[in-house]
$ cat data14.cif   # mmCIF, C-alpha atoms and all ligand atoms
data_entry
#
loop_
_atom_site.label_atom_id
_atom_site.label_comp_id
_atom_site.auth_asym_id
_atom_site.auth_seq_id
_atom_site.Cartn_x
_atom_site.Cartn_y
_atom_site.Cartn_z
CA MET V 273 61.77 89.26 -42.12
CA SER V 274 62.12 91.87 -44.88
CA LEU V 275 63.13 95.42 -44.06
CA TYR V 276 59.71 96.68 -45.12
CA CYS V 277 57.98 94.21 -42.85
CA GLY V 278 60.26 95.22 -39.95
CA ILE V 279 59.34 98.88 -40.39
CA ALA V 280 55.67 98.04 -40.71
CA CYS V 281 55.78 96.01 -37.47
CA ARG V 282 57.62 98.75 -35.57
CA ARG V 283 55.14 101.34 -36.87
CA LYS V 284 52.27 99.15 -35.80
CA PHE V 285 53.80 98.71 -32.35
CA PHE V 286 54.37 102.47 -31.98
CA TRP V 287 50.81 103.15 -33.08
CA CYS V 288 49.38 100.62 -30.60
CA TYR V 289 51.51 102.08 -27.81
CA ARG V 290 50.24 105.59 -28.57
CA LEU V 291 46.63 104.38 -28.61
CA LEU V 292 47.00 102.55 -25.33
CA SER V 293 48.68 105.53 -23.73
CA THR V 294 45.84 107.90 -24.73
CA TYR V 295 43.31 105.37 -23.49
CA VAL V 296 45.02 104.98 -20.11
CA THR V 297 45.29 108.76 -19.66
CA LYS V 298 41.62 109.18 -20.50
CA THR V 299 40.57 106.41 -18.13
CA ARG V 300 42.61 107.85 -15.25
CA TYR V 301 41.11 111.30 -15.91
CA LEU V 302 37.56 109.94 -15.78
CA PHE V 303 38.40 108.03 -12.59
CA GLU V 304 39.61 111.27 -10.99
CA LEU V 305 36.43 113.11 -11.99
CA LYS V 306 34.30 110.37 -10.41
CA GLU V 307 36.26 110.48 -7.16
CA ASP V 308 36.81 114.24 -6.79
CA ASP V 309 33.76 116.57 -6.81
CA ASP V 310 35.89 119.72 -7.16
CA ALA V 311 37.79 118.32 -10.16
CA CYS V 312 34.49 117.31 -11.75
CA LYS V 313 32.96 120.75 -11.21
CA LYS V 314 36.07 122.30 -12.77
CA ALA V 315 35.76 119.93 -15.75
CA GLN V 316 32.24 121.28 -16.34
CA GLN V 317 33.76 124.71 -17.14
CA THR V 318 35.41 123.36 -20.28
CA GLY V 319 33.07 120.40 -20.77
CA ALA V 320 30.19 119.73 -23.14
CA PHE V 321 26.59 118.83 -22.24
CA TYR V 322 24.12 116.51 -23.96
CA LEU V 323 20.57 117.55 -23.14
CA PHE V 324 17.53 115.38 -22.39
CA HIS V 325 13.90 116.09 -21.57
CA SER V 326 12.08 113.42 -19.52
CA LEU V 327 14.75 110.92 -20.72
CA ALA V 328 14.35 111.81 -24.43
CA PRO V 329 17.61 113.12 -25.93
CA LEU V 330 17.84 116.42 -27.82
CA LEU V 331 18.55 115.57 -31.48
CA GLN V 332 18.98 117.40 -34.74
CA THR V 333 18.31 115.90 -38.16
CA SER V 334 21.01 115.71 -40.81
CA ALA V 335 20.81 113.64 -44.02
CA HIS V 336 18.52 110.81 -42.77
CA GLN V 337 20.53 110.62 -39.56
CA TYR V 338 20.13 112.08 -36.11
CA LEU V 339 22.94 114.08 -34.55
CA ALA V 340 23.25 114.75 -30.83
CA PRO V 341 24.30 118.40 -30.35
CA ARG V 342 26.53 119.38 -27.42
CA HIS V 343 26.36 122.62 -25.44
CA SER V 344 28.98 124.45 -23.42
CA LEU V 345 28.46 125.42 -19.78
CA LEU V 346 28.04 129.05 -20.83
CA GLU V 347 25.34 128.19 -23.38
CA LEU V 348 23.58 126.06 -20.80
CA GLU V 349 23.64 128.80 -18.16
CA ARG V 350 22.23 131.25 -20.70
CA LEU V 351 19.48 128.78 -21.63
CA LEU V 352 18.49 128.12 -18.01
CA GLY V 353 18.49 131.87 -17.33
CA LYS V 354 16.22 132.50 -20.29
CA PHE V 355 13.70 129.95 -18.95
CA GLY V 356 13.85 131.34 -15.40
CA GLN V 357 15.74 128.34 -13.99
CA ASP V 358 18.49 128.26 -11.39
CA ALA V 359 21.95 127.53 -12.86
CA GLN V 360 22.44 125.18 -9.89
CA ARG V 361 20.33 122.73 -11.85
CA ILE V 362 23.55 121.93 -13.75
CA GLU V 363 24.59 119.98 -10.63
CA ASP V 364 22.00 117.36 -11.65
CA SER V 365 24.18 116.47 -14.65
CA VAL V 366 26.01 113.16 -14.91
CA LEU V 367 29.44 112.43 -16.36
CA ILE V 368 29.26 110.11 -19.37
CA GLY V 369 32.74 110.22 -20.90
CA CYS V 370 35.45 112.47 -22.30
CA SER V 371 37.29 113.16 -25.53
CA GLU V 372 40.93 112.22 -26.14
CA GLN V 373 41.77 115.85 -25.40
CA GLN V 374 40.07 115.45 -22.02
CA GLU V 375 36.97 117.48 -22.75
CA ALA V 376 34.53 116.00 -20.23
CA TRP V 377 31.05 115.08 -21.48
CA PHE V 378 27.97 115.39 -19.30
CA ALA V 379 24.25 114.73 -19.69
CA LEU V 380 21.50 116.81 -18.12
CA ASP V 381 17.75 116.21 -18.11
CA LEU V 382 15.73 119.42 -18.22
CA GLY V 383 12.37 117.69 -17.84
CA LEU V 384 12.81 115.54 -14.74
CA ASP V 385 12.15 116.76 -11.18
CA SER V 386 15.05 118.64 -9.70
CA SER V 387 15.83 119.77 -6.16
CA PHE V 388 17.22 122.94 -7.75
CA SER V 389 14.07 124.15 -9.49
CA ILE V 390 10.60 125.08 -8.32
CA SER V 391 8.76 124.03 -11.46
CA ALA V 392 10.06 120.60 -12.32
CA SER V 393 9.79 120.55 -16.08
CA LEU V 394 10.99 123.28 -18.40
CA HIS V 395 8.67 124.10 -21.24
CA LYS V 396 9.49 121.56 -23.92
CA PRO V 397 8.29 123.09 -27.24
CA GLU V 398 9.86 126.47 -26.42
CA MET V 399 13.12 124.80 -25.52
CA GLU V 400 13.10 122.80 -28.76
CA THR V 401 12.71 126.02 -30.75
CA GLU V 402 15.48 127.67 -28.77
CA LEU V 403 17.81 124.68 -29.17
CA LYS V 404 16.96 124.10 -32.88
CA GLY V 405 16.25 120.43 -32.27
CA SER V 406 13.68 117.99 -30.87
CA PHE V 407 13.59 115.76 -27.82
CA ILE V 408 13.02 112.34 -29.40
CA GLU V 409 12.42 109.03 -27.61
CA LEU V 410 15.65 107.01 -27.65
CA ARG V 411 13.78 103.89 -28.84
CA LYS V 412 12.77 105.74 -32.01
CA ALA V 413 16.15 107.40 -32.62
CA LEU V 414 18.75 104.80 -31.56
CA PHE V 415 19.17 103.12 -34.93
CA GLN V 416 19.56 106.42 -36.78
CA LEU V 417 22.48 107.59 -34.66
CA ASN V 418 26.16 106.98 -35.32
CA ALA V 419 27.76 104.33 -33.08
CA ARG V 420 29.47 106.84 -30.77
CA ASP V 421 26.34 108.95 -30.13
CA ALA V 422 24.21 105.80 -29.73
CA SER V 423 26.57 104.50 -27.07
CA LEU V 424 26.90 107.84 -25.24
CA LEU V 425 23.15 108.54 -25.24
CA SER V 426 22.40 104.99 -24.08
CA THR V 427 24.77 105.40 -21.15
CA ALA V 428 23.40 108.86 -20.40
CA GLN V 429 19.78 107.74 -20.44
CA ALA V 430 20.45 104.73 -18.21
CA LEU V 431 22.33 106.89 -15.70
CA LEU V 432 19.76 109.71 -15.69
CA ARG V 433 16.95 107.18 -15.25
CA TRP V 434 18.76 105.51 -12.36
CA HIS V 435 19.27 108.84 -10.53
CA ASP V 436 15.65 109.81 -11.07
CA ALA V 437 14.49 106.52 -9.56
CA HIS V 438 16.91 106.50 -6.59
CA GLN V 439 16.31 109.85 -4.95
CA PHE V 440 15.56 108.32 -1.55
CA CYS V 441 17.38 105.90 0.75
CA SER V 442 15.49 102.61 0.86
CA ARG V 443 16.45 102.18 4.56
CA SER V 444 16.01 105.66 6.09
CA GLY V 445 13.57 107.14 3.56
CA GLN V 446 15.73 110.32 3.55
CA PRO V 447 16.73 112.04 0.27
CA THR V 448 20.05 110.71 -1.07
CA LYS V 449 22.74 113.02 -2.45
CA LYS V 450 24.42 112.50 -5.80
CA ASN V 451 28.17 113.04 -6.15
CA MET V 452 29.19 115.59 -8.80
CA ALA V 453 29.91 112.98 -11.51
CA GLY V 454 26.76 110.96 -10.77
CA SER V 455 28.69 107.74 -10.23
CA LYS V 456 26.96 107.19 -6.86
CA ARG V 457 24.40 108.52 -4.36
CA VAL V 458 24.88 108.66 -0.60
CA CYS V 459 22.31 108.79 2.22
CA PRO V 460 23.51 111.61 4.55
CA SER V 461 21.77 110.04 7.59
CA ASN V 462 23.44 106.60 7.50
CA ASN V 463 26.18 106.89 4.80
CA ILE V 464 24.79 104.04 2.73
CA ILE V 465 26.23 104.37 -0.79
CA TYR V 466 24.07 103.48 -3.79
CA TYR V 467 25.77 102.71 -7.12
CA PRO V 468 24.05 102.74 -10.54
CA GLN V 469 22.90 99.25 -11.47
CA MET V 470 22.17 97.40 -14.67
CA ALA V 471 20.46 94.08 -15.25
CA PRO V 472 22.46 91.23 -16.85
CA VAL V 473 20.63 89.64 -19.78
CA VAL V 474 21.79 86.67 -21.87
CA ILE V 475 21.10 86.53 -25.59
CA THR V 476 21.64 83.13 -27.14
CA LEU V 477 21.73 81.98 -30.72
CA VAL V 478 20.87 78.28 -30.61
CA SER V 479 22.06 76.13 -33.50
CA ASP V 480 21.54 72.46 -34.38
CA GLY V 481 24.67 72.43 -36.54
CA THR V 482 23.10 73.56 -39.79
CA ARG V 483 20.15 75.74 -38.76
CA CYS V 484 19.68 78.44 -36.14
CA LEU V 485 16.71 79.12 -33.90
CA LEU V 486 15.06 82.52 -33.99
CA ALA V 487 11.97 83.72 -32.18
CA ARG V 488 9.64 86.65 -31.87
CA GLN V 489 7.63 88.26 -29.10
CA SER V 490 4.26 89.80 -29.96
CA SER V 491 5.73 93.22 -29.04
CA PHE V 492 8.39 92.97 -31.80
CA PRO V 493 7.82 94.91 -35.03
CA LYS V 494 5.98 92.73 -37.57
CA GLY V 495 8.22 90.18 -39.34
CA MET V 496 11.23 90.71 -37.05
CA TYR V 497 12.87 87.68 -35.41
CA SER V 498 15.76 87.66 -32.95
CA ALA V 499 17.87 85.30 -30.86
CA LEU V 500 16.48 84.12 -27.50
CA ALA V 501 16.97 86.63 -24.68
CA GLY V 502 16.35 86.51 -20.95
CA PHE V 503 17.22 88.25 -17.69
CA CYS V 504 19.61 86.48 -15.29
CA ASP V 505 17.88 85.40 -12.10
CA ILE V 506 19.61 86.22 -8.86
CA GLY V 507 22.24 83.61 -7.97
CA GLU V 508 22.57 82.30 -11.53
CA SER V 509 25.71 82.05 -13.65
CA VAL V 510 25.54 83.05 -17.32
CA GLU V 511 25.68 79.35 -18.25
CA GLU V 512 22.75 78.54 -15.95
CA THR V 513 20.66 81.41 -17.32
CA ILE V 514 21.23 80.24 -20.89
CA ARG V 515 20.24 76.65 -20.06
CA ARG V 516 17.12 77.84 -18.19
CA GLU V 517 16.01 80.44 -20.76
CA VAL V 518 16.36 78.03 -23.70
CA ALA V 519 14.44 75.32 -21.80
CA GLU V 520 11.80 77.81 -20.59
CA GLU V 521 11.18 79.53 -23.92
CA VAL V 522 11.53 76.75 -26.52
CA GLY V 523 11.70 73.49 -24.51
CA LEU V 524 15.20 72.48 -25.67
CA GLU V 525 18.32 71.41 -23.77
CA VAL V 526 21.58 73.22 -24.46
CA GLU V 527 24.56 70.95 -25.02
CA SER V 528 27.41 73.44 -25.40
CA LEU V 529 27.86 77.18 -25.43
CA GLN V 530 30.42 79.72 -26.45
CA TYR V 531 30.72 83.36 -25.38
CA TYR V 532 30.62 85.84 -28.26
CA ALA V 533 30.50 89.49 -27.01
CA SER V 534 28.55 91.90 -24.80
CA GLN V 535 26.76 95.21 -25.17
CA HIS V 536 25.16 97.81 -22.96
CA TRP V 537 21.50 98.09 -23.91
CA PRO V 538 19.36 101.02 -22.70
CA PHE V 539 16.05 99.09 -22.65
CA PRO V 540 13.99 98.46 -20.61
CA SER V 541 16.11 100.35 -18.06
CA GLY V 542 19.79 99.60 -18.64
CA SER V 543 20.89 96.01 -19.32
CA LEU V 544 24.19 94.29 -19.95
CA MET V 545 23.52 91.99 -22.90
CA ILE V 546 25.80 88.92 -22.83
CA ALA V 547 25.72 87.22 -26.22
CA CYS V 548 26.55 83.53 -26.71
CA HIS V 549 26.28 80.80 -29.31
CA ALA V 550 24.77 77.52 -28.12
CA THR V 551 24.14 74.09 -29.62
CA VAL V 552 21.44 71.55 -28.76
CA LYS V 553 21.81 67.80 -28.44
CA PRO V 554 21.72 66.07 -31.85
CA GLY V 555 18.25 64.86 -32.76
CA GLN V 556 16.65 66.92 -29.99
CA THR V 557 15.41 69.80 -32.07
CA GLU V 558 11.65 69.74 -31.62
CA ILE V 559 10.58 73.20 -30.48
CA GLN V 560 7.89 73.63 -27.83
CA VAL V 561 7.17 77.34 -27.75
CA ASN V 562 6.25 78.86 -24.39
CA LEU V 563 3.39 81.08 -25.54
CA ARG V 564 3.48 83.11 -22.33
CA GLU V 565 6.92 84.38 -23.40
CA LEU V 566 7.02 84.13 -27.18
CA GLU V 567 4.65 84.52 -30.11
CA THR V 568 6.55 81.96 -32.19
CA ALA V 569 9.97 80.34 -32.73
CA ALA V 570 11.40 78.37 -35.65
CA TRP V 571 14.57 76.91 -37.17
CA PHE V 572 16.03 78.88 -40.09
CA SER V 573 18.53 77.73 -42.71
CA HIS V 574 21.80 79.48 -43.42
CA ASP V 575 20.47 80.87 -46.72
CA GLU V 576 17.26 82.21 -45.18
CA VAL V 577 19.23 84.03 -42.49
CA ALA V 578 21.91 85.32 -44.89
CA THR V 579 19.17 86.77 -47.13
CA ALA V 580 17.40 88.38 -44.16
CA LEU V 581 20.66 90.01 -43.01
CA LYS V 582 20.97 91.73 -46.39
CA ARG V 583 17.34 92.86 -46.42
CA LYS V 584 16.79 96.59 -46.04
CA GLY V 585 13.65 98.26 -44.63
CA PRO V 586 10.98 99.55 -44.65
CA TYR V 587 9.49 96.14 -43.94
CA THR V 588 5.97 96.71 -45.20
CA GLN V 589 3.12 94.23 -45.52
CA GLN V 590 3.32 92.06 -48.64
CA GLN V 591 0.44 91.37 -51.04
CA ASN V 592 -0.35 88.05 -49.36
CA GLY V 593 -0.80 89.92 -46.05
CA THR V 594 2.43 88.69 -44.42
CA PHE V 595 5.52 90.69 -43.51
CA PRO V 596 9.00 89.86 -44.81
CA PHE V 597 11.34 88.00 -42.43
CA TRP V 598 13.92 90.49 -41.11
CA LEU V 599 16.47 90.72 -38.33
CA PRO V 600 17.40 93.38 -35.73
CA PRO V 601 19.48 96.33 -37.01
CA LYS V 602 23.30 96.34 -37.05
CA LEU V 603 23.63 98.27 -33.80
CA ALA V 604 21.93 95.48 -31.80
CA ILE V 605 24.21 92.72 -30.57
CA SER V 606 21.65 90.14 -31.76
CA HIS V 607 22.40 91.25 -35.35
CA GLN V 608 26.16 90.79 -34.82
CA LEU V 609 25.63 87.39 -33.17
CA ILE V 610 23.48 86.17 -36.07
CA LYS V 611 25.95 87.58 -38.61
CA GLU V 612 28.82 85.74 -36.96
CA TRP V 613 26.88 82.48 -37.12
CA VAL V 614 26.27 82.99 -40.85
CA GLU V 615 29.97 83.70 -41.46
CA LYS V 616 31.05 80.67 -39.40
CA GLN V 617 28.71 78.44 -41.42
CA ILE V 618 30.34 79.66 -44.65
CA CYS V 619 33.83 78.95 -43.25
CA SER V 620 32.91 75.45 -42.05
CA SER V 621 31.40 74.57 -45.46
CA LEU V 622 34.59 75.55 -47.35
CA PRO V 623 36.84 72.63 -48.36
CA ALA V 624 39.88 72.25 -46.03
N1 LIG T 1 20.38 94.30 -27.95
C1 LIG T 1 19.79 93.27 -28.50
O1 LIG T 1 20.25 92.77 -29.55
C2 LIG T 1 18.56 92.66 -27.87
C3 LIG T 1 18.12 93.09 -26.64
N2 LIG T 1 17.06 92.48 -26.02
C4 LIG T 1 16.70 92.97 -24.67
O2 LIG T 1 16.72 91.89 -23.78
C5 LIG T 1 15.76 92.13 -22.78
C6 LIG T 1 15.33 90.81 -22.16
O3 LIG T 1 14.69 89.98 -23.10
P1 LIG T 1 13.28 89.27 -22.75
O4 LIG T 1 13.10 88.17 -23.71
O5 LIG T 1 12.21 90.32 -22.68
O6 LIG T 1 13.55 88.74 -21.27
P2 LIG T 1 12.87 87.50 -20.48
O7 LIG T 1 12.76 86.32 -21.39
O8 LIG T 1 13.63 87.33 -19.20
O9 LIG T 1 11.37 87.94 -20.22
C7 LIG T 1 11.02 89.19 -19.69
C8 LIG T 1 10.36 89.01 -18.33
O10 LIG T 1 11.37 88.72 -17.37
C9 LIG T 1 11.01 89.25 -16.11
N3 LIG T 1 12.19 89.95 -15.54
C10 LIG T 1 13.12 89.36 -14.75
N4 LIG T 1 14.07 90.23 -14.38
C11 LIG T 1 13.76 91.41 -14.97
C12 LIG T 1 14.38 92.70 -14.97
N5 LIG T 1 15.52 92.95 -14.31
N6 LIG T 1 13.82 93.68 -15.71
C13 LIG T 1 12.68 93.45 -16.40
N7 LIG T 1 12.04 92.25 -16.43
C14 LIG T 1 12.57 91.23 -15.72
C15 LIG T 1 9.76 90.09 -16.32
O11 LIG T 1 8.67 89.32 -15.89
C16 LIG T 1 9.70 90.27 -17.82
O12 LIG T 1 8.38 90.36 -18.30
C17 LIG T 1 14.63 92.89 -23.49
O13 LIG T 1 14.10 93.83 -22.60
C18 LIG T 1 15.29 93.54 -24.67
O14 LIG T 1 15.36 94.96 -24.51
C19 LIG T 1 16.39 91.43 -26.59
C20 LIG T 1 16.77 90.98 -27.83
C21 LIG T 1 17.83 91.59 -28.60
MG MG T 2 12.93 86.13 -23.49
#
$ encode --input "data14.cif" --output "structure tokens" --more "lines below"
Ligand SMILES: NC(=O)C1=CN([C@@H]2O[C@H](COP(=O)(O)OP(=O)(O)OC[C@H]3O[C@@H](n4cnc5c(N)ncnc54)[C@H](O)[C@@H]3O)[C@@H](O)[C@H]2O)C=CC1
Ligand SMILES: [Mg+2]
Amino acid sequence: MSLYCGIACRRKFFWCYRLLSTYVTKTRYLFELKEDDDACKKAQQTGAFYLFHSLAPLLQTSAHQYLAPRHSLLELERLLGKFGQDAQRIEDSVLIGCSEQQEAWFALDLGLDSSFSISASLHKPEMETELKGSFIELRKALFQLNARDASLLSTAQALLRWHDAHQFCSRSGQPTKKNMAGSKRVCPSNNIIYYPQMAPVVITLVSDGTRCLLARQSSFPKGMYSALAGFCDIGESVEETIRREVAEEVGLEVESLQYYASQHWPFPSGSLMIACHATVKPGQTEIQVNLRELETAAWFSHDEVATALKRKGPYTQQQNGTFPFWLPPKLAISHQLIKEWVEKQICSSLPA
């Protein structure tokens, strides 16, 4: 090993160690805030708040992108005061992360019902003017956010939605109480603890060796195709869900599958997307589309998919009345799954 290489390796090791150490410190800090209400309340003093209204995040526009502004506790108290709201409403906020310098990040919804305010929803247009931004539906804004804001706002929305929908104990019917961080709710009458939940969903890119199978639902934007997706049924393994979903939706039998990656997805109400590649038995490639689930499904060649990946919107109607074939945006795991398939095809076609 050359001297240069030795130094480079040691530097790399030192860098990795520093990264890991910051990550561990951050993780332990967040754990403490979830477990200790007093520590979490203290963290709000120096923390930053992302604001929502009826689950739509507050956003500002900057150069064709959306930015998610953050507010200090002081700014938030001033804002609530101005709109005649109790500062106790801040206790409805949920912890969504922290910076490397341990600035805790929270999310608060000013439009949902609160036990701390008489009138549930603060006046939206006036608040938007005051905050110099707009509350925009996450579905519309997600793909124009940077990766960090997209991930934070997705987590925040899923958590805020869960709290809004779990205000009462399903056994006693009594109101449940959120802990300061919002990592759980407890029923004071029977001590049942409720934890935020998300639904596991598999997303599978089926291939026959040279082509891949893409499908569309009628609710998709015109021209957009994606890999097959489906919720896990209770009691199923990921492998079983993939086999069932592929059989249910396109009438094919999966022969082998390989895990690719996962992603939290805020729609419809917080899912864990588990992405996999799958192959079908050779010669068994005839698609039978389940029209109750899908509008259409088809096999696509490597070149067709590679071209679609490069295509940029807006995807407007063509002269012949059809829409161009396009794929989900980069932020969606389906895009990454399809991209990996394209890259793998290129590698396998290269001479050894
Ligand atoms: N991030 C990504 O790249 C992608 C994400 N997705 C997400 O995957 C989700 C599932 O895909 P679909 O093909 O619609 O699933 P699906 O094929 O399981 O069909 C949806 C139906 O499943 C039933 N269902 C079972 N459990 C459910 C639950 N926990 N919540 C809601 N419905 C449930 C309902 O009847 C619903 O109409 C979609 O909601 C979509 O948001 C889909 C494609 C790409
Ligand atoms: Mg489906």
$ residues_near_ligand --input "data14.cif" --ligand "ligand MG 2 (chain T)" --cutoff "7 Å" --atoms "all atoms listed in the file" --output "ChimeraX atom specification"
/V:500-502,521,565
$ atom_distance --input "data14.cif" --atom1 "atom CA of His536 of chain V" --atom2 "atom CA of Val478 of chain V"
21.4 Å
$ residues_near_point --input "data14.cif" --point "(32.5, 116.6, -8.3)" --cutoff "12 Å" --atoms "only C-alpha atoms" --output "number ranges by chain"
V: 302-316, 362-367, 378, 449-456
$ residues_near_ligand --input "data14.cif" --ligand "ligand LIG 1 (chain T)" --cutoff "6 Å" --atoms "all atoms listed in the file" --output "list of chain:residue names"
V:Ala471, V:Val473, V:Ala501, V:Gly502, V:Phe503, V:Trp537, V:Phe539, V:Pro540, V:Ala604, V:Ile605, V:Ser606
$ write_last_selection --input "data14.cif" --atoms "C-alpha atoms" --output "short mmCIF file (atom, residue, chain, number, x, y, z; two decimals), in the coordinates of the input"
data_model
loop_
_atom_site.label_atom_id
_atom_site.label_comp_id
_atom_site.auth_asym_id
_atom_site.auth_seq_id
_atom_site.Cartn_x
_atom_site.Cartn_y
_atom_site.Cartn_z
CA ALA V 471 20.46 94.08 -15.25
CA VAL V 473 20.63 89.64 -19.78
CA ALA V 501 16.97 86.63 -24.68
CA GLY V 502 16.35 86.51 -20.95
CA PHE V 503 17.22 88.25 -17.69
CA TRP V 537 21.50 98.09 -23.91
CA PHE V 539 16.05 99.09 -22.65
CA PRO V 540 13.99 98.46 -20.61
CA ALA V 604 21.93 95.48 -31.80
CA ILE V 605 24.21 92.72 -30.57
CA SER V 606 21.65 90.14 -31.76
#
$ atom_distance --input "data14.cif" --atom1 "atom CA of Asn418 of chain V" --atom2 "atom CA of Ser326 of chain V"
22.1 Å
$ residues_near_point --input "data14.cif" --point "(31.6, 88.1, -28.0)" --cutoff "7 Å" --atoms "only C-alpha atoms" --output "list in words"
Tyr531, Tyr532, Ala533, Ser534, Ala547 and Cys548 of chain V
$ residues_around --input "data14.cif" --residues "segment 492-498 of chain V" --least-positions-apart "6" --cutoff "6 Å" --atoms "all atoms listed in the file" --output "list in words"
Leu486, Phe595, Pro596, Phe597, Trp598 and Leu599 of chain V
$ residues_around --input "data14.cif" --residues "Thr482 of chain V" --least-positions-apart "3" --cutoff "8 Å" --atoms "all atoms listed in the file" --output "ChimeraX atom specification"
/V:479,573-574,617
$ atom_distance --input "data14.cif" --atom1 "atom CA of Gly319 of chain V" --atom2 "atom CA of Ala428 of chain V"
15.1 Å
$ residues_around --input "data14.cif" --residues "Ser426 of chain V" --least-positions-apart "4" --cutoff "9 Å" --atoms "all atoms listed in the file" --output "count of residues only"
11
$ closest_residue --input "data14.cif" --among "V:Ala359, V:Leu544, V:Leu331, V:Leu609" --to "Gln530 of chain V" --atoms "only C-alpha atoms"
V:Leu609
$ residues_around --input "data14.cif" --residues "Ala569 of chain V" --least-positions-apart "5" --cutoff "8 Å" --atoms "only C-alpha atoms" --output "list in words"
Leu485, Leu486, Ala487, Arg488, Val522, Ile559 and Val561 of chain V
$ residues_around --input "data14.cif" --residues "Arg420 of chain V" --least-positions-apart "4" --cutoff "12 Å" --atoms "all atoms listed in the file" --output "JSON, numbers by chain"
{"V": [338, 339, 340, 368, 369, 370, 371, 414, 415, 416, 424, 425, 426, 427, 603]}
